[in-house]
$ cat upload23.cif   # mmCIF, C-alpha atoms
data_work
#
loop_
_atom_site.group_PDB
_atom_site.id
_atom_site.type_symbol
_atom_site.label_atom_id
_atom_site.label_comp_id
_atom_site.auth_asym_id
_atom_site.auth_seq_id
_atom_site.Cartn_x
_atom_site.Cartn_y
_atom_site.Cartn_z
ATOM 1 C CA MET M 1 1.312 0.651 29.014
ATOM 2 C CA GLU M 2 0.190 1.747 32.427
ATOM 3 C CA ASN M 3 0.079 -1.569 34.277
ATOM 4 C CA VAL M 4 2.914 -3.595 32.801
ATOM 5 C CA LEU M 5 4.362 -6.164 35.196
ATOM 6 C CA GLU M 6 8.076 -6.244 34.429
ATOM 7 C CA ASN M 7 8.722 -9.621 36.044
ATOM 8 C CA ASN M 8 5.975 -11.584 34.304
ATOM 9 C CA GLU M 9 6.909 -15.099 33.295
ATOM 10 C CA ILE M 10 5.168 -17.009 30.527
ATOM 11 C CA GLY M 11 7.035 -20.203 31.275
ATOM 12 C CA ASP M 12 8.475 -23.099 29.294
ATOM 13 C CA GLY M 13 5.657 -25.581 29.517
ATOM 14 C CA PRO M 14 1.870 -25.271 29.478
ATOM 15 C CA VAL M 15 0.801 -21.661 29.921
ATOM 16 C CA SER M 16 -2.175 -20.927 32.134
ATOM 17 C CA GLY M 17 -4.889 -18.430 31.334
ATOM 18 C CA GLU M 18 -3.862 -16.480 34.431
ATOM 19 C CA ALA M 19 -0.284 -16.148 33.135
ATOM 20 C CA VAL M 20 -1.429 -14.731 29.821
ATOM 21 C CA ALA M 21 -3.798 -12.309 31.507
ATOM 22 C CA ALA M 22 -0.872 -11.067 33.597
ATOM 23 C CA SER M 23 1.646 -10.847 30.750
ATOM 24 C CA ALA M 24 -0.724 -9.170 28.319
ATOM 25 C CA VAL M 25 -2.826 -6.834 30.426
ATOM 26 C CA ALA M 26 -3.969 -4.901 27.369
ATOM 27 C CA VAL M 27 -5.414 -8.052 25.782
ATOM 28 C CA PRO M 28 -7.621 -9.291 28.601
ATOM 29 C CA VAL M 29 -8.492 -12.950 28.280
ATOM 30 C CA GLU M 30 -10.821 -14.742 30.625
ATOM 31 C CA PRO M 31 -8.944 -17.788 31.990
ATOM 32 C CA ALA M 32 -11.999 -20.032 31.650
ATOM 33 C CA ALA M 33 -12.345 -19.147 27.950
ATOM 34 C CA VAL M 34 -8.757 -20.026 27.055
ATOM 35 C CA PRO M 35 -7.669 -23.669 26.713
ATOM 36 C CA ALA M 36 -4.333 -24.697 28.194
ATOM 37 C CA SER M 37 -1.457 -24.042 25.809
ATOM 38 C CA ASP M 38 1.461 -26.375 25.195
ATOM 39 C CA ALA M 39 3.426 -23.704 23.319
ATOM 40 C CA PRO M 40 7.179 -24.120 23.955
ATOM 41 C CA VAL M 41 7.656 -20.451 24.901
ATOM 42 C CA SER M 42 10.554 -19.273 27.047
ATOM 43 C CA GLY M 43 8.899 -16.346 28.773
ATOM 44 C CA THR M 44 11.990 -14.735 30.280
ATOM 45 C CA ARG M 45 15.681 -14.374 29.481
ATOM 46 C CA GLU M 46 16.383 -16.397 32.615
ATOM 47 C CA LYS M 47 14.447 -19.359 31.197
ATOM 48 C CA VAL M 48 16.392 -19.136 27.955
ATOM 49 C CA ALA M 49 19.677 -18.939 29.866
ATOM 50 C CA GLU M 50 18.902 -22.212 31.628
ATOM 51 C CA GLY M 51 19.649 -23.933 28.321
ATOM 52 C CA GLY M 52 23.155 -22.446 28.397
ATOM 53 C CA ALA M 53 25.512 -23.290 25.563
ATOM 54 C CA ARG M 54 23.321 -26.206 24.500
ATOM 55 C CA ARG M 55 21.016 -23.823 22.635
ATOM 56 C CA ALA M 56 21.826 -21.748 19.554
ATOM 57 C CA ARG M 57 20.527 -18.187 19.092
ATOM 58 C CA LEU M 58 17.667 -19.512 16.932
ATOM 59 C CA GLY M 59 16.932 -22.563 19.089
ATOM 60 C CA SER M 60 13.884 -21.311 20.993
ATOM 61 C CA MET M 61 12.463 -19.539 17.939
ATOM 62 C CA ARG M 62 12.693 -22.671 15.759
ATOM 63 C CA GLU M 63 11.055 -24.816 18.412
ATOM 64 C CA LEU M 64 8.177 -22.356 18.720
ATOM 65 C CA ALA M 65 7.815 -22.007 14.935
ATOM 66 C CA GLU M 66 7.653 -25.797 14.514
ATOM 67 C CA TRP M 67 4.917 -25.991 17.131
ATOM 68 C CA ASP M 68 2.942 -23.239 15.393
ATOM 69 C CA ARG M 69 3.181 -24.946 11.975
ATOM 70 C CA GLY M 70 1.163 -27.812 13.401
ATOM 71 C CA ARG M 71 -1.855 -25.557 13.960
ATOM 72 C CA ILE M 72 -3.117 -26.061 10.402
ATOM 73 C CA GLY M 73 -6.788 -25.258 11.020
ATOM 74 C CA TYR M 74 -6.096 -21.952 12.759
ATOM 75 C CA ARG M 75 -3.537 -20.926 10.145
ATOM 76 C CA PHE M 76 -5.998 -21.640 7.307
ATOM 77 C CA VAL M 77 -8.780 -19.593 8.921
ATOM 78 C CA LYS M 78 -6.359 -16.793 9.744
ATOM 79 C CA ARG M 79 -5.114 -16.510 6.151
ATOM 80 C CA ALA M 80 -8.656 -16.594 4.728
ATOM 81 C CA PHE M 81 -9.664 -13.814 7.129
ATOM 82 C CA ASP M 82 -6.565 -11.782 6.228
ATOM 83 C CA ILE M 83 -7.419 -11.888 2.519
ATOM 84 C CA ALA M 84 -11.111 -11.031 2.970
ATOM 85 C CA PHE M 85 -10.591 -8.323 5.601
ATOM 86 C CA SER M 86 -7.707 -6.562 3.851
ATOM 87 C CA ALA M 87 -9.515 -6.592 0.499
ATOM 88 C CA CYS M 88 -12.575 -4.946 2.092
ATOM 89 C CA VAL M 89 -10.485 -2.278 3.857
ATOM 90 C CA ILE M 90 -8.575 -1.448 0.668
ATOM 91 C CA ALA M 91 -11.812 -1.101 -1.298
ATOM 92 C CA VAL M 92 -13.360 1.228 1.288
ATOM 93 C CA ALA M 93 -10.219 3.307 1.910
ATOM 94 C CA ILE M 94 -8.993 3.830 -1.661
ATOM 95 C CA VAL M 95 -10.650 7.251 -2.173
ATOM 96 C CA PRO M 96 -9.797 8.690 1.279
ATOM 97 C CA SER M 97 -6.256 7.379 0.770
ATOM 98 C CA ALA M 98 -5.938 9.306 -2.497
ATOM 99 C CA VAL M 99 -7.034 12.509 -0.744
ATOM 100 C CA LEU M 100 -4.569 11.906 2.087
ATOM 101 C CA CYS M 101 -1.736 11.289 -0.394
ATOM 102 C CA ALA M 102 -2.445 14.651 -2.027
ATOM 103 C CA ALA M 103 -2.418 16.421 1.367
ATOM 104 C CA ILE M 104 0.883 14.781 2.356
ATOM 105 C CA ALA M 105 2.541 15.787 -0.922
ATOM 106 C CA ILE M 106 1.317 19.378 -0.595
ATOM 107 C CA GLU M 107 2.713 19.817 2.932
ATOM 108 C CA SER M 108 6.000 18.007 2.250
ATOM 109 C CA PRO M 109 7.024 17.535 -1.413
ATOM 110 C CA GLY M 110 7.900 13.979 -2.367
ATOM 111 C CA CYS M 111 6.210 10.604 -2.668
ATOM 112 C CA PRO M 112 3.340 10.375 -0.132
ATOM 113 C CA LEU M 113 4.057 6.689 0.406
ATOM 114 C CA TYR M 114 7.053 5.463 2.373
ATOM 115 C CA ARG M 115 8.608 2.055 1.951
ATOM 116 C CA GLN M 116 10.975 0.312 4.333
ATOM 117 C CA ARG M 117 12.644 -3.089 4.506
ATOM 118 C CA ARG M 118 11.383 -5.122 7.440
ATOM 119 C CA VAL M 119 11.967 -8.664 8.699
ATOM 120 C CA GLY M 120 9.105 -11.122 8.392
ATOM 121 C CA ARG M 121 10.306 -14.498 9.583
ATOM 122 C CA ILE M 122 13.563 -16.419 9.784
ATOM 123 C CA GLY M 123 14.205 -18.775 6.864
ATOM 124 C CA ALA M 124 15.300 -22.411 7.080
ATOM 125 C CA ASP M 125 18.881 -21.232 6.512
ATOM 126 C CA GLY M 126 18.700 -19.038 9.624
ATOM 127 C CA ARG M 127 18.677 -15.788 7.652
ATOM 128 C CA PRO M 128 15.984 -13.126 8.122
ATOM 129 C CA ARG M 129 13.419 -13.008 5.304
ATOM 130 C CA GLU M 130 12.917 -9.348 4.457
ATOM 131 C CA PHE M 131 10.022 -7.674 2.644
ATOM 132 C CA THR M 132 9.056 -4.122 1.680
ATOM 133 C CA MET M 133 6.552 -2.631 4.137
ATOM 134 C CA TRP M 134 4.473 0.377 3.085
ATOM 135 C CA LYS M 135 3.217 3.387 5.049
ATOM 136 C CA PHE M 136 1.786 6.823 4.394
ATOM 137 C CA ARG M 137 4.773 9.149 4.794
ATOM 138 C CA SER M 138 4.534 10.975 8.130
ATOM 139 C CA MET M 139 8.003 12.552 8.107
ATOM 140 C CA VAL M 140 9.885 14.987 5.945
ATOM 141 C CA LYS M 141 11.657 13.632 2.879
ATOM 142 C CA GLY M 142 15.054 12.163 3.766
ATOM 143 C CA ALA M 143 14.116 11.496 7.396
ATOM 144 C CA ASP M 144 16.106 8.250 7.504
ATOM 145 C CA ARG M 145 19.339 10.132 6.844
ATOM 146 C CA MET M 146 18.608 12.380 9.836
ATOM 147 C CA LYS M 147 18.119 9.504 12.297
ATOM 148 C CA ASP M 148 21.753 9.018 13.331
ATOM 149 C CA ALA M 149 21.862 12.563 14.705
ATOM 150 C CA LEU M 150 18.840 11.771 16.914
ATOM 151 C CA LEU M 151 19.926 8.409 18.373
ATOM 152 C CA ALA M 152 20.969 10.067 21.631
ATOM 153 C CA GLU M 153 17.334 11.159 22.075
ATOM 154 C CA ASN M 154 15.957 7.606 21.931
ATOM 155 C CA GLU M 155 13.359 7.207 24.704
ATOM 156 C CA VAL M 156 13.031 3.395 24.560
ATOM 157 C CA GLU M 157 15.502 0.889 25.958
ATOM 158 C CA GLY M 158 16.576 -1.979 23.699
ATOM 159 C CA PRO M 159 16.859 -2.307 19.902
ATOM 160 C CA MET M 160 14.063 0.143 19.034
ATOM 161 C CA PHE M 161 13.944 3.877 18.346
ATOM 162 C CA LYS M 162 11.101 5.999 19.686
ATOM 163 C CA MET M 163 11.113 9.759 20.236
ATOM 164 C CA LYS M 164 7.994 11.552 21.436
ATOM 165 C CA ASP M 165 8.704 14.940 19.828
ATOM 166 C CA ASP M 166 10.556 13.761 16.733
ATOM 167 C CA PRO M 167 11.394 16.920 14.719
ATOM 168 C CA ARG M 168 11.173 14.955 11.452
ATOM 169 C CA VAL M 169 7.422 14.409 11.792
ATOM 170 C CA THR M 170 5.161 16.714 9.765
ATOM 171 C CA ARG M 171 1.898 18.268 10.991
ATOM 172 C CA ILE M 172 -0.204 15.795 9.013
ATOM 173 C CA GLY M 173 2.225 13.100 10.118
ATOM 174 C CA ARG M 174 1.527 13.752 13.800
ATOM 175 C CA PHE M 175 -2.181 13.237 13.234
ATOM 176 C CA ILE M 176 -1.952 10.085 11.133
ATOM 177 C CA ARG M 177 0.650 8.556 13.474
ATOM 178 C CA ARG M 178 -1.445 9.315 16.553
ATOM 179 C CA HIS M 179 -4.397 7.479 15.025
ATOM 180 C CA SER M 180 -2.316 4.812 13.217
ATOM 181 C CA ILE M 181 -3.632 5.944 9.836
ATOM 182 C CA ASP M 182 -0.074 5.868 8.479
ATOM 183 C CA GLU M 183 -0.171 2.063 8.754
ATOM 184 C CA PHE M 184 -3.152 1.579 6.401
ATOM 185 C CA PRO M 185 -1.050 0.815 3.260
ATOM 186 C CA GLN M 186 0.133 -2.311 5.053
ATOM 187 C CA PHE M 187 -3.194 -3.922 4.195
ATOM 188 C CA LEU M 188 -1.499 -4.418 0.808
ATOM 189 C CA ASN M 189 1.233 -6.372 2.616
ATOM 190 C CA VAL M 190 -1.462 -8.419 4.329
ATOM 191 C CA LEU M 191 -3.251 -9.124 1.045
ATOM 192 C CA VAL M 192 -0.113 -10.479 -0.662
ATOM 193 C CA GLY M 193 0.876 -12.553 2.374
ATOM 194 C CA ASP M 194 3.893 -10.660 3.748
ATOM 195 C CA MET M 195 1.987 -9.878 6.934
ATOM 196 C CA SER M 196 -1.137 -10.843 8.834
ATOM 197 C CA VAL M 197 -3.766 -8.498 10.256
ATOM 198 C CA VAL M 198 -2.764 -9.537 13.807
ATOM 199 C CA GLY M 199 0.727 -10.529 14.896
ATOM 200 C CA PRO M 200 4.001 -9.154 16.285
ATOM 201 C CA ARG M 201 5.114 -5.971 14.526
ATOM 202 C CA PRO M 202 7.848 -6.563 11.910
ATOM 203 C CA PRO M 203 11.226 -5.232 13.102
ATOM 204 C CA LEU M 204 13.994 -3.547 11.150
ATOM 205 C CA PRO M 205 16.952 -5.733 10.063
ATOM 206 C CA ARG M 206 19.346 -3.725 12.250
ATOM 207 C CA GLU M 207 17.087 -4.335 15.239
ATOM 208 C CA VAL M 208 17.003 -8.098 14.625
ATOM 209 C CA ALA M 209 20.809 -8.090 14.518
ATOM 210 C CA GLN M 210 20.710 -7.072 18.208
ATOM 211 C CA TYR M 211 18.139 -9.693 19.294
ATOM 212 C CA ASP M 212 19.154 -12.409 21.742
ATOM 213 C CA GLU M 213 17.603 -15.877 21.771
ATOM 214 C CA TRP M 214 14.717 -14.754 23.957
ATOM 215 C CA ALA M 215 13.707 -11.869 21.674
ATOM 216 C CA MET M 216 14.134 -13.994 18.522
ATOM 217 C CA GLN M 217 11.056 -15.977 19.565
ATOM 218 C CA ARG M 218 8.795 -13.136 18.414
ATOM 219 C CA LEU M 219 9.864 -13.946 14.825
ATOM 220 C CA ALA M 220 8.429 -17.474 15.041
ATOM 221 C CA VAL M 221 5.168 -16.380 13.375
ATOM 222 C CA LYS M 222 4.171 -14.056 10.539
ATOM 223 C CA PRO M 223 4.285 -10.374 11.582
ATOM 224 C CA GLY M 224 1.096 -8.361 11.888
ATOM 225 C CA LEU M 225 -0.341 -4.944 11.145
ATOM 226 C CA THR M 226 -1.575 -4.770 14.724
ATOM 227 C CA GLY M 227 -0.928 -6.801 17.827
ATOM 228 C CA PRO M 228 -0.779 -6.781 21.619
ATOM 229 C CA TRP M 229 1.845 -3.997 21.612
ATOM 230 C CA GLN M 230 -0.414 -1.650 19.613
ATOM 231 C CA VAL M 231 -3.301 -2.059 22.044
ATOM 232 C CA GLY M 232 -1.076 -2.271 25.119
ATOM 233 C CA GLY M 233 0.408 1.208 25.205
ATOM 234 C CA ARG M 234 2.471 1.505 21.999
ATOM 235 C CA SER M 235 5.132 4.112 22.804
ATOM 236 C CA ASP M 236 4.455 3.701 26.542
ATOM 237 C CA VAL M 237 5.816 0.134 26.367
ATOM 238 C CA ASP M 238 9.550 -0.589 26.294
ATOM 239 C CA PHE M 239 11.259 -3.302 24.249
ATOM 240 C CA ASP M 240 11.238 -6.077 26.859
ATOM 241 C CA ASP M 241 7.560 -5.482 27.621
ATOM 242 C CA MET M 242 6.807 -5.614 23.877
ATOM 243 C CA VAL M 243 8.529 -9.010 23.651
ATOM 244 C CA ARG M 244 6.572 -10.304 26.661
ATOM 245 C CA LEU M 245 3.303 -9.176 25.105
ATOM 246 C CA ASP M 246 4.192 -10.780 21.762
ATOM 247 C CA LEU M 247 5.193 -14.086 23.352
ATOM 248 C CA GLY M 248 1.992 -14.155 25.385
ATOM 249 C CA TYR M 249 0.046 -13.658 22.152
ATOM 250 C CA ILE M 250 1.979 -16.320 20.204
ATOM 251 C CA ALA M 251 1.508 -18.899 22.959
ATOM 252 C CA ARG M 252 -2.235 -18.424 23.126
ATOM 253 C CA ARG M 253 -3.357 -16.886 19.835
ATOM 254 C CA SER M 254 -6.690 -17.960 18.435
ATOM 255 C CA VAL M 255 -9.431 -16.637 16.167
ATOM 256 C CA ALA M 256 -11.248 -15.202 19.198
ATOM 257 C CA MET M 257 -8.112 -13.446 20.454
ATOM 258 C CA ASP M 258 -7.365 -12.025 16.995
ATOM 259 C CA LEU M 259 -10.871 -10.590 16.750
ATOM 260 C CA LYS M 260 -10.556 -9.099 20.243
ATOM 261 C CA ILE M 261 -7.276 -7.384 19.334
ATOM 262 C CA ILE M 262 -8.816 -6.014 16.127
ATOM 263 C CA LEU M 263 -11.699 -4.506 18.115
ATOM 264 C CA GLN M 264 -9.263 -3.025 20.635
ATOM 265 C CA THR M 265 -7.192 -1.628 17.765
ATOM 266 C CA ILE M 266 -10.230 0.180 16.372
ATOM 267 C CA ALA M 267 -10.659 1.858 19.769
ATOM 268 C CA VAL M 268 -6.951 2.842 19.805
ATOM 269 C CA VAL M 269 -7.241 4.310 16.290
ATOM 270 C CA PHE M 270 -10.010 6.634 17.441
ATOM 271 C CA THR M 271 -8.467 7.622 20.786
ATOM 272 C CA GLY M 272 -4.806 7.724 19.728
ATOM 273 C CA LYS M 273 -3.861 6.333 23.167
ATOM 274 C CA GLY M 274 -0.164 5.552 23.638
ATOM 275 C CA ALA M 275 1.010 7.177 20.398
ATOM 276 C CA ALA M 276 4.399 8.846 20.186
#
$ encode --input "upload23.cif" --output "structure tokens"
Amino acid sequence: MENVLENNEIGDGPVSGEAVAASAVAVPVEPAAVPASDAPVSGTREKVAEGGARRARLGSMRELAEWDRGRIGYRFVKRAFDIAFSACVIAVAIVPSAVLCAAIAIESPGCPLYRQRRVGRIGADGRPREFTMWKFRSMVKGADRMKDALLAENEVEGPMFKMKDDPRVTRIGRFIRRHSIDEFPQFLNVLVGDMSVVGPRPPLPREVAQYDEWAMQRLAVKPGLTGPWQVGGRSDVDFDDMVRLDLGYIARRSVAMDLKIILQTIAVVFTGKGAA
């Protein structure tokens, strides 16, 4: 993301429209159009640290999740939209998807679909709830086993792995990753309720194991196929900036904001801006 402000603060109490506009530059929201939010978001690690030993690792996340559960009307509309929108996309994309699967298998033998365990939300027992996330395969078969040898080439700080010229990516894979086409099978995850169309991206279990209390807040809501990170620079955004963008979205998410992010995502799909 080109204009990320690294010292943005969302705050602990009511969040102003100006604060969200600053912390999520890629999801511009007019202050006058956004009602004040009472989301209990700790916008920085410093705010979380103020709680000291009185707070457990899941403390801030649970407080935020409890607040979000009270938004019954928004959650109902969001789920209804997820079902209708994902069903329409699947119906339209089924034939092109079959053609793409054939092309992937021809270039790199193996199943054209790739599945991976991801973390959705944290359960009442404090344990991550995992689900199987689907993608079109964009790498050679066995790419996961090659990752350890590439960890030294990681270009993103924090518990994420991003490498611009990843040698595991196929020629077709570079194209579908640049335009986010590899993510289309996740509409199946949206349809069955594992994910939402818009929300924080679901992390890997080993990434969550490295989260501190501040970062755990992004797991307070259902993960999404797209979100503020996808339209805010993708691989140009580091881990801390991704968390800031996600927390800004969670604190102020609404039907209007979700629709705006979807429209921005469509633009990103066509331009490929920020792709690794």
$ residues_around --input "upload23.cif" --residues "M:Pro223" --least-positions-apart "4" --cutoff "8 Å" --atoms "all atoms listed in the file" --output "list in words"
Gly120, Arg121, Asp194, Met195, Ser196, Val198, Gly199, Pro200, Arg201, Pro202 and Leu219 of chain M
$ resolve_selection --input "upload23.cif" --expression "the PyMOL selection byres ((chain M and resi 103) around 12)" --output "ChimeraX atom specification"
/M:96-102,104-113,136-138,170-173,176
$ atom_distance --input "upload23.cif" --atom1 "atom CA of M:Arg69" --atom2 "atom CA of M:Tyr249"
15.5 Å
$ atom_distance --input "upload23.cif" --atom1 "atom CA of M:Ile181" --atom2 "atom CA of M:Trp134"
11.9 Å
$ atom_distance --input "upload23.cif" --atom1 "atom CA of M:Ala65" --atom2 "atom CA of M:Ala124"
10.9 Å
$ residues_around --input "upload23.cif" --residues "M:Phe76" --least-positions-apart "6" --cutoff "12 Å" --atoms "all atoms listed in the file" --output "compact mmCIF listing (two decimals) with C-alpha atoms, in the coordinates of the input"
# COMPACT_ATOMS: atom_id res chain seq x y z
CA ARG M 69 3.18 -24.95 11.98
CA GLY M 70 1.16 -27.81 13.40
CA ASP M 82 -6.56 -11.78 6.23
CA ILE M 83 -7.42 -11.89 2.52
CA SER M 196 -1.14 -10.84 8.83
CA SER M 254 -6.69 -17.96 18.43
CA VAL M 255 -9.43 -16.64 16.17
$ closest_residue --input "upload23.cif" --among "M:Ile261, M:Val208, M:Gly227, M:Val190" --to "M:Cys88" --atoms "only C-alpha atoms"
M:Val190
$ closest_residue --input "upload23.cif" --among "M:Val41, M:Val197, M:Ile94, M:Val169" --to "M:Arg79" --atoms "all atoms listed in the file"
M:Val197
$ resolve_selection --input "upload23.cif" --expression "the PyMOL selection byres ((chain M and resi 243) around 10)" --output "list in words"
Gly43, Thr44, Pro200, Trp214, Ala215, Met216, Gln217, Arg218, Pro228, Trp229, Val237, Asp238, Phe239, Asp240, Asp241, Met242, Arg244, Leu245, Asp246, Leu247, Gly248 and Tyr249 of chain M
$ resolve_selection --input "upload23.cif" --expression "the PyMOL selection byres ((chain M and resi 118) around 8)" --output "JSON, numbers by chain"
{"M": [116, 117, 119, 120, 130, 131, 132, 133, 202, 203, 204, 205]}
$ closest_residue --input "upload23.cif" --among "M:Pro128, M:Glu63, M:Arg71, M:Asp38" --to "M:Glu207" --atoms "all atoms listed in the file"
M:Pro128
